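Quick look at start12.cif (mmCIF, C-alpha atoms and all ligand atoms):
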```cif
data_model
loop_
_atom_site.label_atom_id
_atom_site.label_comp_id
_atom_site.auth_asym_id
_atom_site.auth_seq_id
_atom_site.Cartn_x
_atom_site.Cartn_y
_atom_site.Cartn_z
CA MET U 1 -2.49 -10.56 -92.52
CA LYS U 2 -0.18 -11.68 -89.72
CA MET U 3 3.46 -10.54 -89.82
CA GLN U 4 5.32 -13.65 -88.80
CA ARG U 5 7.95 -16.08 -90.07
CA MET U 6 6.00 -18.28 -92.49
CA LEU U 7 7.17 -21.31 -94.49
CA PRO U 8 5.85 -21.68 -98.05
CA PRO U 9 4.52 -25.21 -98.82
CA THR U 10 7.11 -25.53 -101.63
CA ALA U 11 10.08 -23.43 -102.73
CA ALA U 12 12.90 -23.59 -105.26
CA GLN U 13 15.45 -20.81 -104.97
CA VAL U 14 17.09 -19.42 -108.10
CA PRO U 15 20.75 -18.41 -107.48
CA PRO U 16 21.53 -14.68 -108.06
CA ILE U 17 24.03 -15.60 -110.81
CA ALA U 18 21.19 -17.29 -112.74
CA LEU U 19 19.04 -14.15 -112.45
CA TRP U 20 21.98 -12.04 -113.63
CA GLN U 21 22.38 -14.34 -116.66
CA GLY U 22 18.69 -13.77 -117.47
CA ILE U 23 19.10 -9.98 -117.28
CA CYS U 24 22.20 -10.08 -119.54
CA ARG U 25 20.43 -12.29 -122.10
CA LEU U 26 17.64 -9.68 -122.40
CA PHE U 27 20.07 -7.86 -124.67
CA ASP U 28 22.15 -10.54 -126.39
CA GLY U 29 20.51 -13.94 -125.85
CA LYS U 30 21.23 -16.53 -128.55
CA HIS U 31 20.89 -20.32 -128.79
CA VAL U 32 20.47 -20.81 -125.03
CA VAL U 33 17.30 -22.84 -125.55
CA GLU U 34 19.06 -25.17 -128.02
CA ARG U 35 21.97 -25.67 -125.62
CA PHE U 36 19.66 -26.47 -122.69
CA GLN U 37 17.61 -28.84 -124.86
CA SER U 38 20.70 -30.81 -125.85
CA GLU U 39 21.89 -31.01 -122.21
CA ILE U 40 18.47 -32.37 -121.26
CA VAL U 41 18.62 -34.95 -124.05
CA SER U 42 21.98 -36.23 -122.87
CA GLU U 43 21.05 -36.26 -119.16
CA PHE U 44 17.68 -38.01 -119.53
CA GLY U 45 18.51 -40.17 -122.55
CA ALA U 46 15.59 -38.73 -124.56
CA ARG U 47 15.48 -38.58 -128.38
CA ARG U 48 14.56 -34.93 -128.33
CA SER U 49 13.52 -32.24 -125.83
CA TYR U 50 11.50 -29.03 -126.17
CA LEU U 51 11.13 -25.99 -123.91
CA LEU U 52 7.66 -24.51 -123.42
CA SER U 53 6.03 -21.68 -121.49
CA SER U 54 4.40 -23.95 -118.85
CA GLY U 55 3.53 -27.54 -117.97
CA LYS U 56 -0.04 -26.96 -119.18
CA ALA U 57 1.32 -25.69 -122.49
CA ALA U 58 3.63 -28.72 -122.74
CA LEU U 59 0.75 -31.13 -122.15
CA THR U 60 -1.47 -29.29 -124.66
CA VAL U 61 1.26 -29.60 -127.30
CA ILE U 62 1.84 -33.29 -126.57
CA LEU U 63 -1.88 -34.08 -126.75
CA SER U 64 -2.45 -32.02 -129.91
CA ALA U 65 0.46 -33.84 -131.57
CA LEU U 66 -0.88 -37.28 -130.57
CA ALA U 67 -4.41 -36.36 -131.68
CA ARG U 68 -3.14 -35.61 -135.20
CA THR U 69 -2.03 -39.22 -135.60
CA SER U 70 -5.20 -40.93 -134.39
CA THR U 71 -8.99 -40.78 -134.35
CA ARG U 72 -9.04 -41.77 -130.67
CA ARG U 73 -10.07 -38.96 -128.32
CA LYS U 74 -9.93 -40.11 -124.67
CA VAL U 75 -7.12 -39.13 -122.31
CA VAL U 76 -7.02 -41.17 -119.10
CA ILE U 77 -5.77 -39.31 -116.02
CA PRO U 78 -5.81 -39.97 -112.26
CA ALA U 79 -9.04 -38.81 -110.56
CA TYR U 80 -6.87 -36.82 -108.12
CA THR U 81 -4.32 -34.55 -109.79
CA CYS U 82 -3.57 -30.91 -110.57
CA PHE U 83 -6.46 -29.06 -112.25
CA SER U 84 -4.07 -27.92 -114.99
CA VAL U 85 -4.18 -31.45 -116.39
CA PRO U 86 -7.87 -31.54 -117.41
CA SER U 87 -7.47 -27.87 -118.45
CA ALA U 88 -4.86 -28.91 -121.03
CA ILE U 89 -6.96 -31.86 -122.24
CA VAL U 90 -9.98 -29.63 -122.86
CA LYS U 91 -7.78 -26.99 -124.52
CA ALA U 92 -6.45 -29.67 -126.89
CA GLY U 93 -10.07 -30.53 -127.81
CA LEU U 94 -9.95 -34.00 -126.24
CA GLU U 95 -12.05 -35.91 -123.67
CA VAL U 96 -11.12 -36.31 -120.00
CA SER U 97 -11.45 -39.91 -118.83
CA LEU U 98 -10.82 -40.63 -115.14
CA CYS U 99 -9.34 -43.64 -113.38
CA ASP U 100 -9.42 -43.90 -109.60
CA ILE U 101 -6.22 -43.92 -107.54
CA ASN U 102 -4.85 -46.05 -104.73
CA PRO U 103 -4.67 -43.73 -101.66
CA ALA U 104 -1.62 -45.63 -100.37
CA THR U 105 0.48 -44.74 -103.45
CA LEU U 106 -1.44 -41.82 -105.09
CA ASP U 107 -0.85 -43.79 -108.32
CA PHE U 108 -3.52 -45.38 -110.57
CA ASP U 109 -5.41 -48.40 -109.31
CA HIS U 110 -4.04 -50.59 -112.13
CA THR U 111 -6.91 -53.09 -112.03
CA LEU U 112 -9.30 -50.22 -112.64
CA LEU U 113 -7.02 -48.81 -115.32
CA GLU U 114 -7.43 -52.01 -117.36
CA GLN U 115 -11.22 -51.54 -117.14
CA THR U 116 -11.07 -47.81 -117.96
CA ILE U 117 -9.14 -47.96 -121.24
CA ASP U 118 -10.94 -48.90 -124.46
CA ASP U 119 -10.53 -48.58 -128.22
CA GLN U 120 -11.15 -44.82 -127.95
CA THR U 121 -8.24 -44.26 -125.56
CA LEU U 122 -5.56 -42.06 -127.11
CA CYS U 123 -3.18 -41.97 -124.15
CA VAL U 124 -2.79 -42.58 -120.41
CA LEU U 125 -0.99 -40.20 -118.00
CA PRO U 126 0.78 -41.90 -115.09
CA THR U 127 1.55 -39.03 -112.68
CA HIS U 128 4.45 -38.72 -110.22
CA LEU U 129 2.58 -36.59 -107.69
CA PHE U 130 4.74 -34.71 -105.14
CA GLY U 131 7.79 -36.41 -106.69
CA MET U 132 6.62 -39.95 -105.75
CA PRO U 133 7.44 -42.28 -108.66
CA ALA U 134 4.37 -43.81 -110.36
CA ALA U 135 4.59 -47.35 -111.79
CA VAL U 136 5.12 -46.33 -115.41
CA ASP U 137 6.41 -49.79 -116.44
CA THR U 138 3.08 -51.31 -115.36
CA VAL U 139 1.15 -48.72 -117.37
CA MET U 140 3.39 -49.39 -120.39
CA SER U 141 2.67 -53.12 -120.18
CA ILE U 142 -1.08 -52.42 -120.08
CA CYS U 143 -1.09 -49.78 -122.86
CA LYS U 144 1.49 -50.82 -125.44
CA PRO U 145 -0.26 -54.04 -126.63
CA ARG U 146 -3.41 -51.92 -127.21
CA GLY U 147 -1.69 -49.17 -129.20
CA ILE U 148 -2.24 -46.55 -126.46
CA ALA U 149 0.44 -43.89 -125.90
CA VAL U 150 1.89 -43.31 -122.41
CA VAL U 151 2.54 -39.68 -121.41
CA GLU U 152 4.38 -39.33 -118.10
CA ASP U 153 3.20 -36.36 -116.06
CA ALA U 154 6.50 -35.67 -114.34
CA ALA U 155 5.55 -32.01 -113.65
CA GLN U 156 6.43 -32.49 -109.95
CA SER U 157 9.19 -35.08 -110.19
CA MET U 158 12.24 -33.82 -112.07
CA GLY U 159 15.12 -35.62 -110.35
CA ALA U 160 13.12 -38.63 -109.08
CA ARG U 161 14.09 -42.13 -110.21
CA SER U 162 12.32 -45.44 -110.34
CA ASN U 163 14.09 -48.78 -110.98
CA GLY U 164 17.19 -46.74 -111.80
CA LYS U 165 15.42 -44.72 -114.53
CA TRP U 166 14.65 -40.99 -114.41
CA SER U 167 11.00 -40.14 -114.05
CA GLY U 168 9.81 -38.66 -117.33
CA SER U 169 12.12 -40.88 -119.39
CA VAL U 170 10.13 -44.14 -119.49
CA GLY U 171 6.84 -43.34 -121.26
CA ASP U 172 6.61 -42.44 -124.97
CA VAL U 173 6.68 -38.81 -123.85
CA GLY U 174 7.24 -37.10 -120.48
CA PHE U 175 7.16 -33.52 -119.24
CA PHE U 176 8.56 -31.54 -116.29
CA SER U 177 7.15 -28.24 -115.06
CA LEU U 178 9.64 -25.48 -114.29
CA GLY U 179 6.97 -23.35 -112.61
CA ARG U 180 7.20 -21.61 -109.22
CA GLY U 181 8.00 -24.02 -106.41
CA LYS U 182 8.76 -26.97 -108.69
CA ASN U 183 11.79 -29.27 -108.36
CA LEU U 184 13.81 -26.91 -110.60
CA SER U 185 12.24 -23.55 -111.36
CA CYS U 186 12.70 -20.57 -113.64
CA GLY U 187 9.37 -18.98 -112.65
CA HIS U 188 7.30 -20.57 -115.38
CA GLY U 189 8.14 -23.06 -118.11
CA ALA U 190 8.35 -26.75 -118.92
CA VAL U 191 10.46 -29.39 -120.61
CA ILE U 192 9.05 -32.09 -122.89
CA LEU U 193 11.05 -35.31 -123.29
CA ALA U 194 10.27 -37.19 -126.50
CA ASN U 195 11.43 -40.70 -125.66
CA SER U 196 10.12 -42.81 -128.54
CA PRO U 197 11.09 -42.13 -132.20
CA ASP U 198 7.43 -41.64 -133.16
CA ALA U 199 6.93 -39.07 -130.40
CA ALA U 200 9.98 -37.11 -131.58
CA THR U 201 8.67 -37.01 -135.15
CA ILE U 202 5.18 -35.74 -134.29
CA LEU U 203 6.43 -33.29 -131.65
CA ASP U 204 8.97 -31.75 -134.04
CA GLY U 205 6.05 -30.77 -136.27
CA GLU U 206 3.87 -29.42 -133.46
CA TYR U 207 6.69 -27.47 -131.75
CA GLY U 208 7.77 -25.97 -135.07
CA LYS U 209 4.40 -24.19 -135.35
CA LEU U 210 4.64 -22.38 -132.00
CA ALA U 211 5.62 -18.74 -131.51
CA GLU U 212 8.16 -17.70 -128.85
CA GLU U 213 7.19 -15.60 -125.84
CA SER U 214 7.82 -11.89 -126.57
CA TRP U 215 10.75 -9.79 -125.27
CA PHE U 216 8.33 -7.98 -122.92
CA ASP U 217 7.04 -11.28 -121.54
CA ALA U 218 10.64 -12.31 -120.98
CA ALA U 219 11.49 -9.04 -119.17
CA ARG U 220 8.37 -9.39 -116.99
CA SER U 221 9.27 -13.01 -116.22
CA ILE U 222 12.74 -12.01 -115.01
CA MET U 223 11.24 -9.35 -112.73
CA GLU U 224 8.70 -11.83 -111.34
CA LEU U 225 11.44 -14.38 -110.77
CA ALA U 226 13.52 -11.83 -108.86
CA GLY U 227 10.45 -10.89 -106.76
CA THR U 228 9.63 -14.54 -106.04
CA ASN U 229 13.21 -15.15 -104.96
CA VAL U 230 12.95 -12.42 -102.33
CA PHE U 231 9.42 -13.01 -101.05
CA ILE U 232 9.58 -16.83 -100.94
CA ARG U 233 11.85 -16.48 -97.89
CA PRO U 234 10.12 -17.30 -94.60
CA PRO U 235 10.71 -13.87 -92.96
CA LEU U 236 8.84 -12.17 -95.86
CA TYR U 237 6.46 -14.86 -97.15
CA TRP U 238 3.57 -13.61 -94.98
CA LEU U 239 3.33 -10.61 -97.32
CA PRO U 240 2.54 -12.32 -100.69
CA ALA U 241 0.60 -15.03 -98.83
CA GLY U 242 -1.70 -12.31 -97.49
CA LEU U 243 -2.42 -10.73 -100.90
CA PRO U 244 -5.35 -12.64 -102.47
CA PHE U 245 -4.91 -11.09 -105.96
CA LEU U 246 -1.55 -12.90 -106.31
CA GLY U 247 -3.48 -16.17 -106.30
CA LEU U 248 -0.81 -18.07 -104.34
CA GLY U 249 -2.01 -21.59 -103.66
CA GLU U 250 -4.91 -21.27 -106.07
CA THR U 251 -5.64 -24.28 -108.20
CA ARG U 252 -7.98 -23.51 -111.08
CA PHE U 253 -9.51 -25.13 -114.11
CA TYR U 254 -9.02 -22.72 -117.04
CA THR U 255 -8.15 -23.00 -120.70
CA ASP U 256 -7.14 -19.45 -121.69
CA PHE U 257 -3.43 -19.97 -121.01
CA SER U 258 -0.84 -19.30 -123.70
CA VAL U 259 1.07 -22.05 -125.48
CA ARG U 260 4.48 -20.71 -126.49
CA ARG U 261 8.11 -21.71 -126.78
CA MET U 262 10.37 -20.57 -123.95
CA THR U 263 12.67 -17.63 -124.69
CA ASP U 264 16.48 -17.71 -124.53
CA VAL U 265 16.19 -15.13 -121.74
CA LEU U 266 14.25 -17.39 -119.39
CA ALA U 267 16.26 -20.47 -120.41
CA SER U 268 19.47 -18.67 -119.43
CA THR U 269 18.29 -18.55 -115.79
CA LEU U 270 18.66 -22.35 -115.84
CA VAL U 271 22.45 -22.04 -115.95
CA GLY U 272 24.05 -24.80 -113.83
CA TRP U 273 20.71 -26.65 -113.74
CA ARG U 274 22.18 -30.14 -113.17
CA GLN U 275 24.01 -29.17 -110.01
CA ARG U 276 21.09 -27.02 -108.84
CA LEU U 277 18.58 -29.83 -109.34
CA GLU U 278 20.84 -32.33 -107.59
CA ARG U 279 21.40 -30.00 -104.64
CA LEU U 280 17.70 -29.14 -104.27
CA THR U 281 16.60 -32.77 -104.60
CA GLN U 282 19.18 -33.95 -102.09
CA ALA U 283 18.07 -31.26 -99.61
CA ARG U 284 14.38 -32.21 -100.02
CA ARG U 285 15.17 -35.89 -99.53
CA GLU U 286 17.08 -35.16 -96.33
CA GLN U 287 14.18 -33.07 -95.01
CA ALA U 288 11.71 -35.83 -95.91
CA VAL U 289 13.80 -38.56 -94.27
CA GLY U 290 14.07 -36.47 -91.08
CA LEU U 291 10.31 -35.83 -91.02
CA ILE U 292 9.45 -39.48 -91.74
CA ARG U 293 11.65 -40.69 -88.88
CA GLN U 294 10.18 -38.21 -86.39
CA ILE U 295 6.58 -38.84 -87.46
CA ARG U 296 6.99 -42.61 -87.10
CA ASP U 297 8.40 -42.11 -83.61
CA THR U 298 5.92 -39.54 -82.37
CA ALA U 299 2.68 -39.69 -84.39
CA PRO U 300 2.02 -43.31 -85.43
CA GLU U 301 -1.66 -42.54 -86.30
CA VAL U 302 -0.44 -40.51 -89.27
CA THR U 303 0.17 -42.49 -92.49
CA VAL U 304 3.30 -41.30 -94.28
CA LEU U 305 3.48 -41.91 -98.04
CA SER U 306 7.06 -42.55 -99.02
CA ALA U 307 8.98 -44.28 -101.81
CA GLU U 308 12.58 -45.07 -102.57
CA ASP U 309 14.23 -42.49 -104.83
CA ALA U 310 11.25 -40.11 -104.59
CA ALA U 311 12.11 -36.45 -105.24
CA TYR U 312 9.82 -35.35 -102.35
CA LEU U 313 8.72 -32.02 -103.73
CA ARG U 314 6.43 -32.22 -100.70
CA LEU U 315 5.96 -35.01 -98.15
CA PRO U 316 2.39 -36.37 -98.44
CA ILE U 317 0.71 -37.81 -95.35
CA LEU U 318 -2.81 -39.08 -94.63
CA VAL U 319 -4.59 -38.05 -91.44
CA ARG U 320 -7.70 -39.75 -90.11
CA ASP U 321 -10.48 -37.70 -91.71
CA ARG U 322 -11.50 -34.35 -93.12
CA ARG U 323 -12.13 -32.78 -89.75
CA VAL U 324 -8.64 -33.62 -88.51
CA LYS U 325 -7.21 -32.33 -91.81
CA GLU U 326 -8.99 -28.99 -91.53
CA ARG U 327 -7.88 -28.58 -87.93
CA LEU U 328 -4.27 -29.33 -88.85
CA ILE U 329 -4.25 -26.80 -91.70
CA ALA U 330 -5.81 -24.11 -89.50
CA GLN U 331 -3.20 -24.72 -86.77
CA SER U 332 -0.38 -24.73 -89.31
CA SER U 333 -1.41 -21.45 -90.88
CA GLU U 334 -1.70 -19.92 -87.40
CA ARG U 335 1.95 -20.95 -86.77
CA GLY U 336 3.31 -20.42 -90.33
CA LEU U 337 4.40 -24.04 -90.75
CA GLY U 338 3.66 -24.49 -94.48
CA ILE U 339 1.38 -27.55 -94.19
CA SER U 340 -0.93 -27.64 -97.20
CA GLY U 341 -4.24 -29.34 -98.02
CA CYS U 342 -3.16 -29.44 -101.67
CA TYR U 343 -5.98 -30.05 -104.22
CA PRO U 344 -9.26 -29.49 -102.39
CA ALA U 345 -11.41 -31.51 -104.79
CA ALA U 346 -11.08 -34.52 -107.05
CA ILE U 347 -11.27 -33.98 -110.82
CA HIS U 348 -14.84 -35.30 -111.08
CA GLN U 349 -15.94 -32.50 -108.71
CA ILE U 350 -14.67 -29.64 -110.90
CA PRO U 351 -17.81 -27.68 -111.85
CA GLN U 352 -16.69 -26.91 -115.43
CA LEU U 353 -16.31 -30.62 -116.15
CA GLN U 354 -19.84 -31.56 -115.10
CA GLY U 355 -21.61 -33.17 -118.03
CA LEU U 356 -18.28 -33.90 -119.75
CA ILE U 357 -16.99 -36.83 -117.70
CA GLY U 358 -19.96 -39.03 -116.76
CA ASN U 359 -21.09 -39.95 -113.26
CA GLY U 360 -18.40 -42.41 -112.21
CA ARG U 361 -17.48 -42.94 -108.56
CA TYR U 362 -13.90 -42.38 -107.41
CA PRO U 363 -13.71 -43.36 -103.73
CA GLY U 364 -9.90 -43.47 -103.69
CA ALA U 365 -9.66 -39.87 -104.93
CA ASP U 366 -12.43 -38.76 -102.53
CA GLU U 367 -10.57 -40.32 -99.63
CA VAL U 368 -7.38 -38.50 -100.58
CA VAL U 369 -9.24 -35.18 -100.84
CA ASN U 370 -10.52 -35.72 -97.31
CA ARG U 371 -7.35 -37.02 -95.68
CA LEU U 372 -4.22 -35.82 -97.52
CA VAL U 373 -2.00 -32.98 -96.41
CA THR U 374 1.55 -32.22 -97.49
CA LEU U 375 4.48 -31.16 -95.36
CA PRO U 376 7.16 -28.75 -96.63
CA THR U 377 10.53 -30.30 -97.57
CA HIS U 378 12.40 -27.34 -99.08
CA GLY U 379 15.66 -25.87 -97.86
CA PHE U 380 14.05 -23.12 -95.74
CA VAL U 381 12.67 -25.70 -93.28
CA ARG U 382 14.85 -25.67 -90.14
CA PRO U 383 15.22 -28.52 -87.62
CA GLY U 384 13.10 -26.46 -85.19
CA ASP U 385 10.31 -26.26 -87.81
CA GLN U 386 10.35 -30.04 -88.19
CA ILE U 387 9.98 -30.40 -84.42
CA ARG U 388 7.02 -27.98 -84.38
CA ILE U 389 5.37 -29.79 -87.31
CA CYS U 390 5.73 -33.15 -85.55
CA GLU U 391 4.38 -31.68 -82.29
CA LEU U 392 1.27 -30.58 -84.18
CA LEU U 393 0.88 -34.03 -85.72
CA ARG U 394 1.34 -35.74 -82.35
CA GLY U 395 -1.49 -33.82 -80.72
CA LEU U 396 -3.73 -34.14 -83.72
CA HIS U 397 -5.80 -37.25 -83.19
CA ALA U 398 -6.21 -36.87 -79.44
CA HIS U 399 -9.82 -36.53 -78.18
CA GLU U 400 -11.24 -36.59 -81.70
CA PRO U 401 -14.47 -38.59 -82.22
CA ILE U 402 -13.95 -41.02 -85.13
CA GLY U 403 -15.82 -40.48 -88.40
CA VAL U 404 -17.10 -36.96 -87.76
CA GLY U 405 -16.70 -34.49 -90.62
CA MET U 406 -16.09 -36.97 -93.45
CA GLU U 407 -18.54 -35.25 -95.77
CA MET U 408 -17.37 -33.05 -98.68
CA SER U 409 -18.40 -29.45 -98.77
CA SER U 410 -19.59 -28.40 -102.24
CA PRO U 411 -16.70 -27.25 -104.42
CA SER U 412 -16.42 -23.74 -105.86
CA PRO U 413 -14.79 -22.93 -109.24
CA ILE U 414 -11.68 -21.48 -107.59
CA TYR U 415 -10.14 -23.56 -104.86
CA GLN U 416 -7.88 -22.09 -102.23
CA THR U 417 -5.31 -24.48 -100.87
CA SER U 418 -3.04 -23.25 -98.12
CA ARG U 419 -1.12 -20.41 -99.63
CA GLY U 420 1.87 -21.48 -101.67
CA PRO U 421 3.22 -21.74 -105.18
CA ARG U 422 1.13 -23.92 -107.47
CA THR U 423 2.20 -27.51 -107.78
C1 LIG T 501 0.77 -32.88 -111.78
C2 LIG T 501 0.85 -31.60 -112.57
N1 LIG T 501 0.70 -31.65 -113.91
C3 LIG T 501 0.76 -30.53 -114.65
C4 LIG T 501 1.00 -29.28 -114.09
C5 LIG T 501 1.05 -28.03 -114.94
O1 LIG T 501 2.27 -27.38 -114.82
P1 LIG T 501 2.37 -25.76 -114.92
O2 LIG T 501 1.98 -25.19 -113.60
O3 LIG T 501 3.80 -25.52 -115.24
O4 LIG T 501 1.46 -25.35 -116.01
C6 LIG T 501 1.17 -29.19 -112.71
C7 LIG T 501 1.40 -27.89 -112.07
O5 LIG T 501 1.41 -27.68 -110.93
C8 LIG T 501 1.10 -30.38 -111.92
O6 LIG T 501 1.26 -30.33 -110.60
#
```

Would you encode the structure as structure tokens?
Amino acid sequence: MKMQRMLPPTAAQVPPIALWQGICRLFDGKHVVERFQSEIVSEFGARRSYLLSSGKAALTVILSALARTSTRRKVVIPAYTCFSVPSAIVKAGLEVSLCDINPATLDFDHTLLEQTIDDQTLCVLPTHLFGMPAAVDTVMSICKPRGIAVVEDAAQSMGARSNGKWSGSVGDVGFFSLGRGKNLSCGHGAVILANSPDAATILDGEYGKLAEESWFDAARSIMELAGTNVFIRPPLYWLPAGLPFLGLGETRFYTDFSVRRMTDVLASTLVGWRQRLERLTQARREQAVGLIRQIRDTAPEVTVLSAEDAAYLRLPILVRDRRVKERLIAQSSERGLGISGCYPAAIHQIPQLQGLIGNGRYPGADEVVNRLVTLPTHGFVRPGDQIRICELLRGLHAHEPIGVGMEMSSPSPIYQTSRGPRT
């Protein structure tokens, strides 16, 4: 454990007034969830919204609701995404079906998507990874004529827009994660947007059956949130990052998570959420624009993935190969610069899914596993940090033999990304 200033890969501060609101609501909280839900409905133009205990829980509820209306069982997801996504599909008792991605956009390869869907496909999940808008309209035009539902995985993109529309608001259903380090955070939680009338009807039924988190869970959540708020700061972040039992940066496939409604206590820490989200998104965009400009000037071998109106929860870049990626991450962690390797395996490499998803090949996802790193864009990044990040990137490809180290090492059930909140 090295005591040094260390940037987390992602961060979303919660203002002290919001924490205070949470503490007060431990004793007299009423109707805060309903109020937040109606604000969400009016902001995002949804028919209905629901607050859940996590993004995984939200996805499980959405899938369980869809499965009640159909005999179809396949859920099509990108072959490179967060491991929570197949976890929720398996928890809902459904089948994971993979479609490869385009490494230049991190979105589905839409030609392959047309070949992947069939008459057993229940729904498709376009995913706005790192806040980069996915082409949901294209997926809608492929799926709607075939009676397939579109569920937008907007876990990482609250506040992003595409063609003037909020991410999460275009598909039949969308969901945002409010977990640690997300665009807007209250520690853990999620929002479901029911956009189509049918989705609202089936989700009303499914949500109505769920229990709320207990008072003790709520009290623990507020304490965790307060702790995160202190230790996410760069002068102190080395401490939680050095404690393996906290599981920072771990991405895991697991199905024993709880599926609950959010409490009024936790929802009350979202006070002033519109302004907070706008401020955080604006700050991330400015950081991303600054980084993109400097990288283009100083490190042209690096491919920057950018998009208009992205929320830039992180800035994704592609380096030449796996060896360069590993060197960059090692140098970054030495200097505390918050550069992350993100998901260290594609979904078809998750050991628990072997035998459940066939033997398809996903070269786009494999390439991203080998070449993608993300740069921090949150408000703790200072101009001097950006300069140090770009210096690292500039020196990166020098004297490096091409093509060495492209092979994948065999994945283990728990994957350690560089240490940061899960995204
Ligand atoms: C793309 C994506 N989908 C779903 C989830 C699940 O969200 P949560 O962590 O709130 O369960 C995450 C979480 O990081 C995610 O990144």

Just want the 9 Å neighbourhood of U:Gln37, counted on all atoms listed in the file, with same-chain residues fewer than 3 positions away dropped. Output as a short mmCIF file (atom, residue, chain, number, x, y, z; two decimals) with C-alpha atoms, in the frame of the given file.
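result16.cif written:
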```cif
data_model
loop_
_atom_site.label_atom_id
_atom_site.label_comp_id
_atom_site.auth_asym_id
_atom_site.auth_seq_id
_atom_site.Cartn_x
_atom_site.Cartn_y
_atom_site.Cartn_z
CA VAL U 32 20.47 -20.81 -125.03
CA VAL U 33 17.30 -22.84 -125.55
CA GLU U 34 19.06 -25.17 -128.02
CA ILE U 40 18.47 -32.37 -121.26
CA VAL U 41 18.62 -34.95 -124.05
CA SER U 42 21.98 -36.23 -122.87
CA ARG U 48 14.56 -34.93 -128.33
CA SER U 49 13.52 -32.24 -125.83
CA TYR U 50 11.50 -29.03 -126.17
CA LEU U 51 11.13 -25.99 -123.91
CA VAL U 191 10.46 -29.39 -120.61
#
```

**Report entry** Contacts of ligand LIG 501 (chain T), 9 Å or closer, all atoms listed in the file, given as number ranges by chain
**Finding:** U: 53-59, 81-85, 88, 127-130, 153-157, 175-182, 187-190, 251, 257, 421-423

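Across U:Pro9, U:Gly242, U:Pro86, U:Gly249, the tightest approach to U:Ile350 is made by U:Pro86 when counting all atoms listed in the file.
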
Per residue of stretch 235-329 of chain U within 12 Å of stretch 353-374 of chain U, which atom pair is closest and at what distance in Å (one decimal), using all atoms listed in the file, listed by chain and increasing number, as a tab-separated table?
```
residue	atom	partner	partner_atom	distance
U:Phe253	CA	U:Leu353	CA	9.0
U:Tyr254	CA	U:Leu353	CA	10.8
U:Ala288	CA	U:Thr374	CA	10.9
U:Leu291	CA	U:Thr374	CA	11.5
U:Val302	CA	U:Arg371	CA	10.1
U:Thr303	CA	U:Leu372	CA	9.4
U:Val304	CA	U:Thr374	CA	9.8
U:Leu305	CA	U:Leu372	CA	9.8
U:Ser306	CA	U:Thr374	CA	11.8
U:Tyr312	CA	U:Thr374	CA	10.1
U:Leu313	CA	U:Thr374	CA	9.5
U:Arg314	CA	U:Thr374	CA	5.8
U:Leu315	CA	U:Thr374	CA	5.3
U:Pro316	CA	U:Thr374	CA	4.3
U:Ile317	CA	U:Val373	CA	5.6
U:Leu318	CA	U:Leu372	CA	4.6
U:Val319	CA	U:Arg371	CA	5.2
U:Arg320	CA	U:Arg371	CA	6.2
U:Asp321	CA	U:Arg371	CA	5.1
U:Arg322	CA	U:Asn370	CA	4.5
U:Arg323	CA	U:Asn370	CA	8.3
U:Val324	CA	U:Arg371	CA	8.0
U:Lys325	CA	U:Arg371	CA	6.1
U:Glu326	CA	U:Asn370	CA	9.0
U:Arg327	CA	U:Val373	CA	11.2
U:Leu328	CA	U:Val373	CA	8.7
U:Ile329	CA	U:Val373	CA	8.1
```

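Nearest to U:Met262 of all the residues U:Leu52, U:Ile192, U:Leu19, U:Ile148 is U:Leu52, based on all atoms listed in the file.
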
Query raised in the report: Smallest atom-to-atom distance to U:Val289: which of U:Gln331, U:Gln21, U:Ser214, U:Gln386, using only C-alpha atoms?
Result: U:Gln386

Requested in this report: Kindly indicate which residue among U:Gly395, U:Gly22, U:Gly93, U:Gly384 lies nearest to U:Leu266, using all atoms listed in the file for the distances.
Outcome: U:Gly22

Query - Residues within 10 Å of U:Ile387, only C-alpha atoms, excluding chain neighbours under 3 positions, as a ChimeraX atom specification - result: /U:290-291,294-295,382-384,390-393

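Between atom CA of U:Met6 and atom CA of U:His378 the separation is 12.9 Å.
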
Query raised in the report: What is the distance between atom CA of U:Glu213 and atom CA of U:Pro16, in Å to one decimal?
Result: 22.9 Å

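For the choices U:Ala241, U:Ala307, U:His397, U:Ala218, the atom-to-atom distance to U:Cys24 is smallest for U:Ala218 when using only C-alpha atoms.
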
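Rounded to one decimal, atom CA of U:Ala310 and atom CA of U:Arg285 lie 7.7 Å from each other.
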
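Between U:Asn229 and the candidates U:Arg293, U:Ser185, U:Ala65, U:Asp109, the tightest atom-to-atom separation, counting only C-alpha atoms, involves U:Ser185.
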
Query raised in the report: Using all atoms listed in the file, which residues sit within 12 Å of U:Gln275 once same-chain residues fewer than 5 positions away are excluded, as a PyMOL selection string?
Result: chain U and resi 15+43+159+184+270+280-282

Report task. Pick out the residues sitting within 9 Å of U:Ile232, and hand them over as a list in words; count all atoms listed in the file, and ignore anything fewer than 5 positions along from it in its own chain. Result -> Leu7, Pro8, Ala11, Ala12, Gln13, Gly227, Tyr237 and Pro240 of chain U

Would you compute the box with edges along x, y and z of the file around stretch 284-292 of chain U, including every atom the file lists for it and 4 Å extra on each side, and give its centre and edge lengths in Å to one decimal, as AutoDock Vina command-line options?
```
--center_x 13.3 --center_y -35.8 --center_z -95.5 --size_x 15.6 --size_y 15.3 --size_z 17.0
```
